[in-house]
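Structure file target-v2.pdb (PDB, C-alpha atoms, pLDDT in the B column) follows.
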MODEL        1
ATOM      1  CA  MET A   1       0.000   0.000   0.000  1.00 57.00           C
ATOM      2  CA  HIS A   2       1.384   3.361  -1.051  1.00 64.00           C
ATOM      3  CA  THR A   3       1.847   5.898   1.722  1.00 69.00           C
ATOM      4  CA  GLN A   4       2.289   9.439   0.496  1.00 83.00           C
ATOM      5  CA  ALA A   5       5.613  11.009   1.475  1.00 89.00           C
ATOM      6  CA  PRO A   6       5.539  14.213   3.524  1.00 89.00           C
ATOM      7  CA  GLN A   7       4.840  17.258   1.392  1.00 88.00           C
ATOM      8  CA  GLY A   8       5.412  20.972   1.864  1.00 91.00           C
ATOM      9  CA  GLN A   9       2.586  23.326   2.592  1.00 90.00           C
ATOM     10  CA  LEU A  10       0.320  23.814  -0.421  1.00 91.00           C
ATOM     11  CA  LEU A  11       0.477  27.460  -1.523  1.00 91.00           C
ATOM     12  CA  ALA A  12      -2.931  27.530  -3.121  1.00 87.00           C
ATOM     13  CA  ASP A  13      -3.307  31.317  -3.286  1.00 88.00           C
ATOM     14  CA  TRP A  14       0.308  32.267  -3.997  1.00 90.00           C
ATOM     15  CA  THR A  15       1.352  33.801  -7.298  1.00 96.00           C
ATOM     16  CA  PRO A  16       4.882  34.845  -8.294  1.00 97.00           C
ATOM     17  CA  PRO A  17       5.610  38.488  -7.434  1.00 98.00           C
ATOM     18  CA  PRO A  18       6.743  41.060  -9.986  1.00 98.00           C
ATOM     19  CA  HIS A  19      10.340  41.837 -10.796  1.00 98.00           C
ATOM     20  CA  PRO A  20      11.386  45.214  -9.345  1.00 98.00           C
ATOM     21  CA  PRO A  21      10.179  47.642 -12.014  1.00 97.00           C
ATOM     22  CA  ALA A  22      12.474  49.913 -13.974  1.00 94.00           C
ATOM     23  CA  GLY A  23      12.675  53.304 -12.328  1.00 96.00           C
ATOM     24  CA  LEU A  24      11.687  52.035  -8.883  1.00 98.00           C
ATOM     25  CA  THR A  25      12.271  54.746  -6.251  1.00 98.00           C
ATOM     26  CA  LEU A  26      11.861  54.246  -2.505  1.00 98.00           C
ATOM     27  CA  GLU A  27      11.693  57.218  -0.154  1.00 98.00           C
ATOM     28  CA  GLY A  28      11.695  57.566   3.608  1.00 97.00           C
ATOM     29  CA  LYS A  29      12.217  60.372   6.075  1.00 97.00           C
ATOM     30  CA  HIS A  30      16.028  60.246   6.022  1.00 97.00           C
ATOM     31  CA  ILE A  31      16.932  58.473   2.784  1.00 98.00           C
ATOM     32  CA  ARG A  32      15.818  58.106  -0.820  1.00 98.00           C
ATOM     33  CA  LEU A  33      16.714  55.204  -3.079  1.00 98.00           C
ATOM     34  CA  ASP A  34      16.884  56.010  -6.793  1.00 98.00           C
ATOM     35  CA  PRO A  35      18.039  53.900  -9.722  1.00 98.00           C
ATOM     36  CA  LEU A  36      21.817  54.210  -9.793  1.00 98.00           C
ATOM     37  CA  GLU A  37      22.968  56.475 -12.650  1.00 98.00           C
ATOM     38  CA  ALA A  38      26.572  57.355 -13.393  1.00 98.00           C
ATOM     39  CA  ASP A  39      25.914  60.934 -14.470  1.00 98.00           C
ATOM     40  CA  ASP A  40      23.677  61.625 -11.457  1.00 98.00           C
ATOM     41  CA  HIS A  41      25.458  59.780  -8.667  1.00 98.00           C
ATOM     42  CA  ALA A  42      29.022  58.646  -9.465  1.00 98.00           C
ATOM     43  CA  ALA A  43      30.770  61.903  -8.507  1.00 98.00           C
ATOM     44  CA  ASP A  44      28.978  62.116  -5.149  1.00 98.00           C
ATOM     45  CA  LEU A  45      29.632  58.467  -4.393  1.00 98.00           C
ATOM     46  CA  PHE A  46      33.302  58.545  -5.320  1.00 98.00           C
ATOM     47  CA  ALA A  47      33.774  61.566  -3.059  1.00 98.00           C
ATOM     48  CA  ALA A  48      31.902  59.831  -0.215  1.00 98.00           C
ATOM     49  CA  PHE A  49      33.962  56.628  -0.584  1.00 98.00           C
ATOM     50  CA  SER A  50      37.310  58.302  -1.270  1.00 97.00           C
ATOM     51  CA  GLY A  51      39.991  57.607   1.304  1.00 96.00           C
ATOM     52  CA  HIS A  52      38.087  54.649   2.769  1.00 97.00           C
ATOM     53  CA  ASP A  53      39.507  51.719   0.821  1.00 97.00           C
ATOM     54  CA  ALA A  54      38.494  49.264   3.549  1.00 97.00           C
ATOM     55  CA  LEU A  55      34.928  49.612   2.270  1.00 98.00           C
ATOM     56  CA  TRP A  56      35.937  47.333  -0.624  1.00 98.00           C
ATOM     57  CA  ASP A  57      37.708  44.625   1.374  1.00 97.00           C
ATOM     58  CA  TYR A  58      34.875  42.118   0.996  1.00 98.00           C
ATOM     59  CA  MET A  59      33.466  43.378  -2.307  1.00 97.00           C
ATOM     60  CA  PRO A  60      34.291  41.591  -5.606  1.00 96.00           C
ATOM     61  CA  TYR A  61      35.409  44.948  -7.076  1.00 97.00           C
ATOM     62  CA  GLY A  62      37.109  48.139  -5.915  1.00 97.00           C
ATOM     63  CA  PRO A  63      38.745  50.182  -4.631  1.00 97.00           C
ATOM     64  CA  PHE A  64      38.711  52.590  -7.562  1.00 97.00           C
ATOM     65  CA  SER A  65      41.770  54.617  -8.476  1.00 95.00           C
ATOM     66  CA  SER A  66      39.956  57.645  -9.847  1.00 97.00           C
ATOM     67  CA  ALA A  67      36.579  59.306 -10.230  1.00 98.00           C
ATOM     68  CA  SER A  68      36.559  58.354 -13.901  1.00 98.00           C
ATOM     69  CA  ALA A  69      37.207  54.691 -13.082  1.00 98.00           C
ATOM     70  CA  TYR A  70      34.269  54.644 -10.673  1.00 98.00           C
ATOM     71  CA  HIS A  71      32.097  56.499 -13.202  1.00 98.00           C
ATOM     72  CA  ARG A  72      32.875  53.790 -15.750  1.00 98.00           C
ATOM     73  CA  TRP A  73      31.997  51.047 -13.268  1.00 98.00           C
ATOM     74  CA  VAL A  74      28.636  52.653 -12.482  1.00 98.00           C
ATOM     75  CA  LYS A  75      27.961  53.204 -16.186  1.00 98.00           C
ATOM     76  CA  ASP A  76      28.586  49.499 -16.823  1.00 97.00           C
ATOM     77  CA  HIS A  77      26.238  48.390 -14.026  1.00 97.00           C
ATOM     78  CA  GLN A  78      23.367  50.857 -14.148  1.00 97.00           C
ATOM     79  CA  GLY A  79      20.045  49.839 -15.647  1.00 96.00           C
ATOM     80  CA  ARG A  80      20.607  46.118 -15.291  1.00 96.00           C
ATOM     81  CA  ASN A  81      17.797  43.664 -14.738  1.00 96.00           C
ATOM     82  CA  ASP A  82      19.753  41.809 -12.018  1.00 98.00           C
ATOM     83  CA  PRO A  83      21.348  43.207  -9.943  1.00 98.00           C
ATOM     84  CA  VAL A  84      19.056  46.236  -9.665  1.00 98.00           C
ATOM     85  CA  PHE A  85      21.279  48.972  -8.226  1.00 98.00           C
ATOM     86  CA  PHE A  86      20.148  51.936  -6.141  1.00 98.00           C
ATOM     87  CA  ALA A  87      21.916  55.110  -5.094  1.00 98.00           C
ATOM     88  CA  LEU A  88      21.182  56.014  -1.475  1.00 98.00           C
ATOM     89  CA  THR A  89      20.687  59.750  -1.183  1.00 98.00           C
ATOM     90  CA  ASP A  90      20.631  61.672   2.093  1.00 97.00           C
ATOM     91  CA  THR A  91      17.385  63.662   1.938  1.00 97.00           C
ATOM     92  CA  ALA A  92      18.858  66.397   4.150  1.00 95.00           C
ATOM     93  CA  THR A  93      21.842  67.124   1.894  1.00 96.00           C
ATOM     94  CA  GLY A  94      20.709  65.793  -1.476  1.00 97.00           C
ATOM     95  CA  HIS A  95      24.009  63.924  -1.876  1.00 97.00           C
ATOM     96  CA  ALA A  96      24.368  60.235  -2.693  1.00 98.00           C
ATOM     97  CA  VAL A  97      26.191  58.518   0.173  1.00 98.00           C
ATOM     98  CA  GLY A  98      25.774  54.800  -0.500  1.00 98.00           C
ATOM     99  CA  VAL A  99      24.785  51.989  -2.831  1.00 98.00           C
ATOM    100  CA  ALA A 100      22.675  48.846  -2.454  1.00 98.00           C
ATOM    101  CA  SER A 101      20.935  46.446  -4.801  1.00 98.00           C
ATOM    102  CA  TYR A 102      18.408  43.730  -5.257  1.00 98.00           C
ATOM    103  CA  LEU A 103      19.990  40.641  -6.800  1.00 98.00           C
ATOM    104  CA  ARG A 104      19.406  36.950  -7.467  1.00 98.00           C
ATOM    105  CA  ILE A 105      15.823  37.964  -8.128  1.00 98.00           C
ATOM    106  CA  THR A 106      13.738  34.799  -8.573  1.00 98.00           C
ATOM    107  CA  PRO A 107      10.027  35.614  -8.769  1.00 98.00           C
ATOM    108  CA  ASP A 108       9.069  31.996  -9.536  1.00 97.00           C
ATOM    109  CA  SER A 109      10.417  31.005  -6.114  1.00 97.00           C
ATOM    110  CA  GLY A 110       9.427  34.237  -4.420  1.00 98.00           C
ATOM    111  CA  SER A 111      13.052  34.873  -3.439  1.00 98.00           C
ATOM    112  CA  ILE A 112      15.097  38.072  -3.625  1.00 98.00           C
ATOM    113  CA  GLU A 113      18.415  39.121  -2.090  1.00 98.00           C
ATOM    114  CA  VAL A 114      19.835  42.421  -0.881  1.00 98.00           C
ATOM    115  CA  GLY A 115      23.506  42.974  -1.607  1.00 98.00           C
ATOM    116  CA  HIS A 116      26.273  45.112  -3.081  1.00 98.00           C
ATOM    117  CA  ILE A 117      25.795  47.233   0.033  1.00 98.00           C
ATOM    118  CA  CYS A 118      28.431  49.955   0.269  1.00 98.00           C
ATOM    119  CA  LEU A 119      27.738  52.654   2.838  1.00 98.00           C
ATOM    120  CA  SER A 120      30.049  55.630   3.154  1.00 98.00           C
ATOM    121  CA  PRO A 121      31.258  56.607   6.638  1.00 97.00           C
ATOM    122  CA  ALA A 122      28.764  59.483   6.503  1.00 97.00           C
ATOM    123  CA  LEU A 123      25.919  56.967   6.234  1.00 98.00           C
ATOM    124  CA  GLN A 124      27.145  54.195   8.508  1.00 97.00           C
ATOM    125  CA  ARG A 125      25.505  53.828  11.928  1.00 95.00           C
ATOM    126  CA  THR A 126      22.745  56.326  11.135  1.00 97.00           C
ATOM    127  CA  PRO A 127      18.945  56.035  11.110  1.00 97.00           C
ATOM    128  CA  ALA A 128      19.148  56.680   7.360  1.00 98.00           C
ATOM    129  CA  ALA A 129      21.165  53.493   6.800  1.00 98.00           C
ATOM    130  CA  THR A 130      18.665  51.409   8.745  1.00 98.00           C
ATOM    131  CA  GLU A 131      15.758  53.095   6.979  1.00 98.00           C
ATOM    132  CA  ALA A 132      17.279  52.239   3.590  1.00 98.00           C
ATOM    133  CA  MET A 133      17.404  48.538   4.490  1.00 98.00           C
ATOM    134  CA  PHE A 134      13.853  48.721   5.832  1.00 98.00           C
ATOM    135  CA  LEU A 135      12.527  50.347   2.651  1.00 98.00           C
ATOM    136  CA  MET A 136      14.055  47.658   0.447  1.00 98.00           C
ATOM    137  CA  MET A 137      12.753  44.850   2.619  1.00 98.00           C
ATOM    138  CA  ASP A 138       9.316  46.426   2.876  1.00 98.00           C
ATOM    139  CA  TRP A 139       8.979  46.761  -0.900  1.00 98.00           C
ATOM    140  CA  ALA A 140       9.932  43.114  -1.405  1.00 98.00           C
ATOM    141  CA  PHE A 141       7.361  41.736   1.012  1.00 98.00           C
ATOM    142  CA  ARG A 142       4.622  44.119  -0.119  1.00 98.00           C
ATOM    143  CA  ALA A 143       5.314  42.952  -3.677  1.00 98.00           C
ATOM    144  CA  GLY A 144       4.703  39.350  -2.598  1.00 98.00           C
ATOM    145  CA  TYR A 145       8.174  37.873  -2.138  1.00 98.00           C
ATOM    146  CA  ARG A 146       8.348  35.002   0.353  1.00 98.00           C
ATOM    147  CA  ARG A 147      12.048  35.051   1.156  1.00 98.00           C
ATOM    148  CA  TYR A 148      14.502  37.948   1.515  1.00 98.00           C
ATOM    149  CA  GLU A 149      18.161  36.961   1.636  1.00 98.00           C
ATOM    150  CA  TRP A 150      21.419  38.419   2.928  1.00 98.00           C
ATOM    151  CA  LYS A 151      24.725  36.731   2.097  1.00 98.00           C
ATOM    152  CA  CYS A 152      28.239  37.846   2.969  1.00 98.00           C
ATOM    153  CA  ASN A 153      31.805  36.651   3.249  1.00 98.00           C
ATOM    154  CA  ALA A 154      31.889  34.524   6.396  1.00 98.00           C
ATOM    155  CA  LEU A 155      34.949  36.499   7.558  1.00 98.00           C
ATOM    156  CA  ASN A 156      33.004  39.766   7.335  1.00 98.00           C
ATOM    157  CA  LEU A 157      31.820  39.952  10.932  1.00 98.00           C
ATOM    158  CA  PRO A 158      30.468  43.526  10.647  1.00 97.00           C
ATOM    159  CA  SER A 159      28.160  42.358   7.846  1.00 98.00           C
ATOM    160  CA  ARG A 160      27.057  39.348   9.869  1.00 98.00           C
ATOM    161  CA  ARG A 161      26.308  41.614  12.843  1.00 98.00           C
ATOM    162  CA  ALA A 162      24.365  43.966  10.582  1.00 98.00           C
ATOM    163  CA  ALA A 163      22.254  41.118   9.207  1.00 98.00           C
ATOM    164  CA  GLN A 164      21.383  39.901  12.679  1.00 98.00           C
ATOM    165  CA  ARG A 165      20.604  43.423  13.917  1.00 98.00           C
ATOM    166  CA  LEU A 166      18.228  43.881  10.976  1.00 98.00           C
ATOM    167  CA  GLY A 167      16.330  40.723  11.891  1.00 98.00           C
ATOM    168  CA  PHE A 168      17.805  38.205   9.469  1.00 98.00           C
ATOM    169  CA  SER A 169      17.996  34.658  10.765  1.00 98.00           C
ATOM    170  CA  TYR A 170      21.267  32.767  10.422  1.00 98.00           C
ATOM    171  CA  GLU A 171      21.122  29.733   8.131  1.00 98.00           C
ATOM    172  CA  GLY A 172      24.703  28.514   7.989  1.00 98.00           C
ATOM    173  CA  ILE A 173      28.016  28.692   6.135  1.00 98.00           C
ATOM    174  CA  PHE A 174      28.477  27.570   2.535  1.00 98.00           C
ATOM    175  CA  ARG A 175      32.087  26.384   2.455  1.00 98.00           C
ATOM    176  CA  ASN A 176      34.266  27.123  -0.589  1.00 98.00           C
ATOM    177  CA  HIS A 177      31.251  28.892  -2.005  1.00 98.00           C
ATOM    178  CA  THR A 178      33.068  31.083  -4.516  1.00 97.00           C
ATOM    179  CA  VAL A 179      36.317  32.846  -5.391  1.00 97.00           C
ATOM    180  CA  SER A 180      36.602  36.607  -4.861  1.00 96.00           C
ATOM    181  CA  LYS A 181      39.649  38.616  -5.906  1.00 96.00           C
ATOM    182  CA  GLY A 182      41.597  35.366  -6.197  1.00 96.00           C
ATOM    183  CA  ARG A 183      40.762  34.240  -2.656  1.00 97.00           C
ATOM    184  CA  ASN A 184      38.467  31.537  -1.320  1.00 98.00           C
ATOM    185  CA  ARG A 185      35.183  32.781   0.055  1.00 98.00           C
ATOM    186  CA  ASP A 186      33.047  30.887   2.528  1.00 98.00           C
ATOM    187  CA  THR A 187      29.620  32.540   2.578  1.00 98.00           C
ATOM    188  CA  ALA A 188      27.332  33.139   5.544  1.00 98.00           C
ATOM    189  CA  TRP A 189      23.616  32.912   4.663  1.00 98.00           C
ATOM    190  CA  PHE A 190      20.748  34.751   6.362  1.00 98.00           C
ATOM    191  CA  SER A 191      17.082  35.284   5.549  1.00 98.00           C
ATOM    192  CA  VAL A 192      13.797  36.835   6.565  1.00 98.00           C
ATOM    193  CA  ILE A 193      10.625  35.073   5.418  1.00 98.00           C
ATOM    194  CA  ASP A 194       7.176  36.492   4.817  1.00 97.00           C
ATOM    195  CA  SER A 195       5.593  35.097   7.993  1.00 97.00           C
ATOM    196  CA  GLU A 196       8.211  36.974  10.067  1.00 98.00           C
ATOM    197  CA  TRP A 197       7.820  40.290   8.310  1.00 98.00           C
ATOM    198  CA  PRO A 198       4.738  41.715  10.104  1.00 98.00           C
ATOM    199  CA  ALA A 199       6.417  41.466  13.512  1.00 98.00           C
ATOM    200  CA  LEU A 200       9.772  42.611  12.158  1.00 98.00           C
ATOM    201  CA  ARG A 201       8.129  45.548  10.425  1.00 98.00           C
ATOM    202  CA  GLU A 202       6.713  46.625  13.789  1.00 98.00           C
ATOM    203  CA  ALA A 203      10.226  46.410  15.257  1.00 97.00           C
ATOM    204  CA  PHE A 204      11.571  48.692  12.538  1.00 98.00           C
ATOM    205  CA  ALA A 205       8.700  51.131  13.032  1.00 98.00           C
ATOM    206  CA  ALA A 206       9.352  51.275  16.771  1.00 97.00           C
ATOM    207  CA  TRP A 207      13.075  51.812  16.285  1.00 98.00           C
ATOM    208  CA  LEU A 208      12.710  54.471  13.572  1.00 98.00           C
ATOM    209  CA  ALA A 209      10.055  56.413  15.515  1.00 97.00           C
ATOM    210  CA  PRO A 210      11.269  59.883  16.628  1.00 96.00           C
ATOM    211  CA  ALA A 211      10.350  58.977  20.212  1.00 97.00           C
ATOM    212  CA  ASN A 212      13.072  56.322  20.175  1.00 97.00           C
ATOM    213  CA  PHE A 213      15.782  58.988  20.033  1.00 96.00           C
ATOM    214  CA  ASP A 214      16.698  61.474  22.742  1.00 95.00           C
ATOM    215  CA  ALA A 215      17.613  65.140  22.251  1.00 93.00           C
ATOM    216  CA  THR A 216      21.183  64.195  21.290  1.00 94.00           C
ATOM    217  CA  GLY A 217      20.051  61.613  18.745  1.00 92.00           C
ATOM    218  CA  GLN A 218      20.940  58.597  20.881  1.00 94.00           C
ATOM    219  CA  GLN A 219      18.678  55.568  20.565  1.00 96.00           C
ATOM    220  CA  ARG A 220      16.605  54.548  23.556  1.00 96.00           C
ATOM    221  CA  GLU A 221      15.962  50.980  22.389  1.00 97.00           C
ATOM    222  CA  ARG A 222      18.352  48.984  20.217  1.00 97.00           C
ATOM    223  CA  LEU A 223      17.019  47.469  17.017  1.00 97.00           C
ATOM    224  CA  SER A 224      18.931  44.275  17.798  1.00 97.00           C
ATOM    225  CA  ASP A 225      16.894  43.871  20.992  1.00 97.00           C
ATOM    226  CA  LEU A 226      13.647  44.389  19.095  1.00 97.00           C
ATOM    227  CA  SER A 227      14.552  42.110  16.193  1.00 97.00           C
ATOM    228  CA  GLN A 228      15.774  39.345  18.507  1.00 96.00           C
ATOM    229  CA  LEU A 229      12.142  38.612  19.297  1.00 92.00           C
ATOM    230  CA  VAL A 230      11.526  37.770  15.634  1.00 95.00           C
ATOM    231  CA  ARG A 231      14.662  35.942  14.502  1.00 96.00           C
ATOM    232  CA  ALA A 232      14.335  32.186  14.096  1.00 96.00           C
ATOM    233  CA  ALA A 233      18.063  31.613  14.650  1.00 97.00           C
ATOM    234  CA  SER A 234      21.022  33.663  15.848  1.00 97.00           C
ATOM    235  CA  ASP A 235      24.531  33.623  14.399  1.00 97.00           C
ATOM    236  CA  PRO A 236      26.763  31.470  16.630  1.00 96.00           C
ATOM    237  CA  GLY A 237      29.863  33.176  15.239  1.00 96.00           C
ATOM    238  CA  LEU A 238      29.036  36.522  16.845  1.00 95.00           C
TER     239      LEU A 238
ENDMDL
END
Full structure transcribed into structure tokens:
Amino acid sequence: MHTQAPQGQLLADWTPPPHPPAGLTLEGKHIRLDPLEADDHAADLFAAFSGHDALWDYMPYGPFSSASAYHRWVKDHQGRNDPVFFALTDTATGHAVGVASYLRITPDSGSIEVGHICLSPALQRTPAATEAMFLMMDWAFRAGYRRYEWKCNALNLPSRRAAQRLGFSYEGIFRNHTVSKGRNRDTAWFSVIDSEWPALREAFAAWLAPANFDATGQQRERLSDLSQLVRAASDPGL
């Protein structure tokens, strides 16, 4: 007698989400994400990154020797279907201060990744940086994606800490995953899934609320404490 093997949950009402549309712009209180364009953003970004070569330590490209070299790189990567690059613009100054992208976009599986994150020192450790990550995640889940991924070099502990702070659950290390700049790369994998997003979205809203910051701009509650309540697994390497 045949006994049916265990099966995954039937997704009777699920349909594949759309690919991020051309020209997608995301705007918050502190940050705006626009499609990355060399003529609009490369000069600002090169100036923001200049003198901080460590930003490129775990990236597959960079550092760039000149403004023209960075302009060429942006020109070659703008307007692509995957990755979809954004320039992160400080709404207070109007200057681009960082880059991020959607990549490995797989609507048929409902999976999308955030990556190519390069935040200038002016953007790091600010509400604007957190808001940028929130806006990208929020768009993905509102669009109908089921899984939102973060991957990084396993040696990149700041990136692993950032993923955990933002509510991503640790999923493990892919050994000998790829080669980057001639070196082996083991890759740490993290994700947020759709069932976790409502509670995590509330955590972001609570952290980003003006009431969470005192008169000097210091946070009252840490996002890592709020997101810990949502994460399915913590990173044992931290």
For stretch 105-120 of chain A: contacts at 10 Å, only C-alpha atoms, fewer than 6 positions along chain excluded, given as number ranges by chain = A: 14-20, 45-50, 52, 55-56, 58-61, 81-88, 96-99, 129, 133, 136-137, 140-141, 143-152, 159, 190-191, 193-194
(request) Excluding A:Arg161 and residues on its chain fewer than 4 positions from it, collect all residues at most 9 Å away from it, counting all atoms listed in the file, and give them as number ranges by chain. (result) A: 156-157, 165-166, 235, 238
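The smallest atom-to-atom distance between A:Pro63 and any of A:Ala205, A:Pro236, A:Asp34, A:Lys181, using all atoms listed in the file, is found for A:Lys181.
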- Message: Calculated over all atoms listed in the file, which of the candidates A:Leu208, A:Ala233, A:Ala100, A:Ala203 has the smallest distance to A:Gly172?
- Response: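 Checking each candidate against A:Gly172, we get A:Ala233 as the closest.
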What is the distance, in Å and to one decimal place, between atom CA of A:Gly28 and atom CA of A:Trp207?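 Pair atom CA of A:Gly28 / atom CA of A:Trp207 returns 14.0 Å.
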Q: Figure out the distance between atom CA of A:Leu33 and atom CA of A:Thr89, please, to one decimal in Å.
A: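 One can read the atom CA of A:Thr89 to atom CA of A:Leu33 distance as 6.3 Å.
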- Query: Any idea what the distance is between atom CA of A:Asp57 and atom CA of A:Gln124?
  - Reply: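 Interatomic distance here is 15.9 Å.
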All heavy atoms are needed for stretch 85-93 of chain A; please write them out as an mmCIF file, keeping the file's coordinate frame.
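Listed below is the output, selection09.cif:
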data_model
loop_
_atom_site.group_PDB
_atom_site.id
_atom_site.type_symbol
_atom_site.label_atom_id
_atom_site.label_comp_id
_atom_site.auth_asym_id
_atom_site.auth_seq_id
_atom_site.Cartn_x
_atom_site.Cartn_y
_atom_site.Cartn_z
ATOM 1 N N PHE A 85 20.516 48.103 -9.117
ATOM 2 C CA PHE A 85 21.279 48.972 -8.226
ATOM 3 C C PHE A 85 20.521 50.246 -7.881
ATOM 4 O O PHE A 85 19.840 50.834 -8.728
ATOM 5 C CB PHE A 85 22.607 49.362 -8.881
ATOM 6 C CG PHE A 85 23.674 48.320 -8.782
ATOM 7 C CD1 PHE A 85 23.871 47.408 -9.817
ATOM 8 C CD2 PHE A 85 24.488 48.245 -7.667
ATOM 9 C CE1 PHE A 85 24.867 46.448 -9.737
ATOM 10 C CE2 PHE A 85 25.488 47.289 -7.569
ATOM 11 C CZ PHE A 85 25.678 46.388 -8.608
ATOM 12 N N PHE A 86 20.698 50.667 -6.616
ATOM 13 C CA PHE A 86 20.148 51.936 -6.141
ATOM 14 C C PHE A 86 21.272 52.822 -5.607
ATOM 15 O O PHE A 86 22.221 52.333 -4.996
ATOM 16 C CB PHE A 86 19.160 51.711 -4.992
ATOM 17 C CG PHE A 86 17.931 50.950 -5.364
ATOM 18 C CD1 PHE A 86 17.865 49.572 -5.153
ATOM 19 C CD2 PHE A 86 16.829 51.583 -5.907
ATOM 20 C CE1 PHE A 86 16.733 48.859 -5.478
ATOM 21 C CE2 PHE A 86 15.682 50.877 -6.245
ATOM 22 C CZ PHE A 86 15.634 49.513 -6.029
ATOM 23 N N ALA A 87 21.115 54.122 -5.813
ATOM 24 C CA ALA A 87 21.916 55.110 -5.094
ATOM 25 C C ALA A 87 21.123 55.541 -3.875
ATOM 26 O O ALA A 87 19.915 55.786 -3.956
ATOM 27 C CB ALA A 87 22.198 56.311 -5.984
ATOM 28 N N LEU A 88 21.810 55.606 -2.729
ATOM 29 C CA LEU A 88 21.182 56.014 -1.475
ATOM 30 C C LEU A 88 21.518 57.480 -1.234
ATOM 31 O O LEU A 88 22.687 57.836 -1.051
ATOM 32 C CB LEU A 88 21.699 55.153 -0.314
ATOM 33 C CG LEU A 88 21.095 53.755 -0.145
ATOM 34 C CD1 LEU A 88 21.170 52.922 -1.411
ATOM 35 C CD2 LEU A 88 21.782 53.024 1.004
ATOM 36 N N THR A 89 20.496 58.313 -1.279
ATOM 37 C CA THR A 89 20.687 59.750 -1.183
ATOM 38 C C THR A 89 20.170 60.282 0.143
ATOM 39 O O THR A 89 19.018 60.018 0.518
ATOM 40 C CB THR A 89 19.977 60.478 -2.343
ATOM 41 O OG1 THR A 89 20.563 60.051 -3.583
ATOM 42 C CG2 THR A 89 20.104 61.983 -2.221
ATOM 43 N N ASP A 90 21.009 61.012 0.839
ATOM 44 C CA ASP A 90 20.631 61.672 2.093
ATOM 45 C C ASP A 90 19.633 62.769 1.762
ATOM 46 O O ASP A 90 19.948 63.710 1.023
ATOM 47 C CB ASP A 90 21.886 62.254 2.741
ATOM 48 C CG ASP A 90 21.627 62.857 4.105
ATOM 49 O OD1 ASP A 90 20.516 63.388 4.346
ATOM 50 O OD2 ASP A 90 22.552 62.838 4.938
ATOM 51 N N THR A 91 18.412 62.675 2.278
ATOM 52 C CA THR A 91 17.385 63.662 1.938
ATOM 53 C C THR A 91 17.696 65.038 2.509
ATOM 54 O O THR A 91 17.207 66.043 1.996
ATOM 55 C CB THR A 91 15.995 63.200 2.416
ATOM 56 O OG1 THR A 91 16.034 62.972 3.828
ATOM 57 C CG2 THR A 91 15.577 61.921 1.709
ATOM 58 N N ALA A 92 18.519 65.107 3.553
ATOM 59 C CA ALA A 92 18.858 66.397 4.150
ATOM 60 C C ALA A 92 19.853 67.173 3.303
ATOM 61 O O ALA A 92 19.775 68.403 3.208
ATOM 62 C CB ALA A 92 19.412 66.198 5.559
ATOM 63 N N THR A 93 20.791 66.454 2.666
ATOM 64 C CA THR A 93 21.842 67.124 1.894
ATOM 65 C C THR A 93 21.644 67.022 0.387
ATOM 66 O O THR A 93 22.223 67.816 -0.365
ATOM 67 C CB THR A 93 23.213 66.528 2.237
ATOM 68 O OG1 THR A 93 23.259 65.160 1.769
ATOM 69 C CG2 THR A 93 23.463 66.568 3.746
#
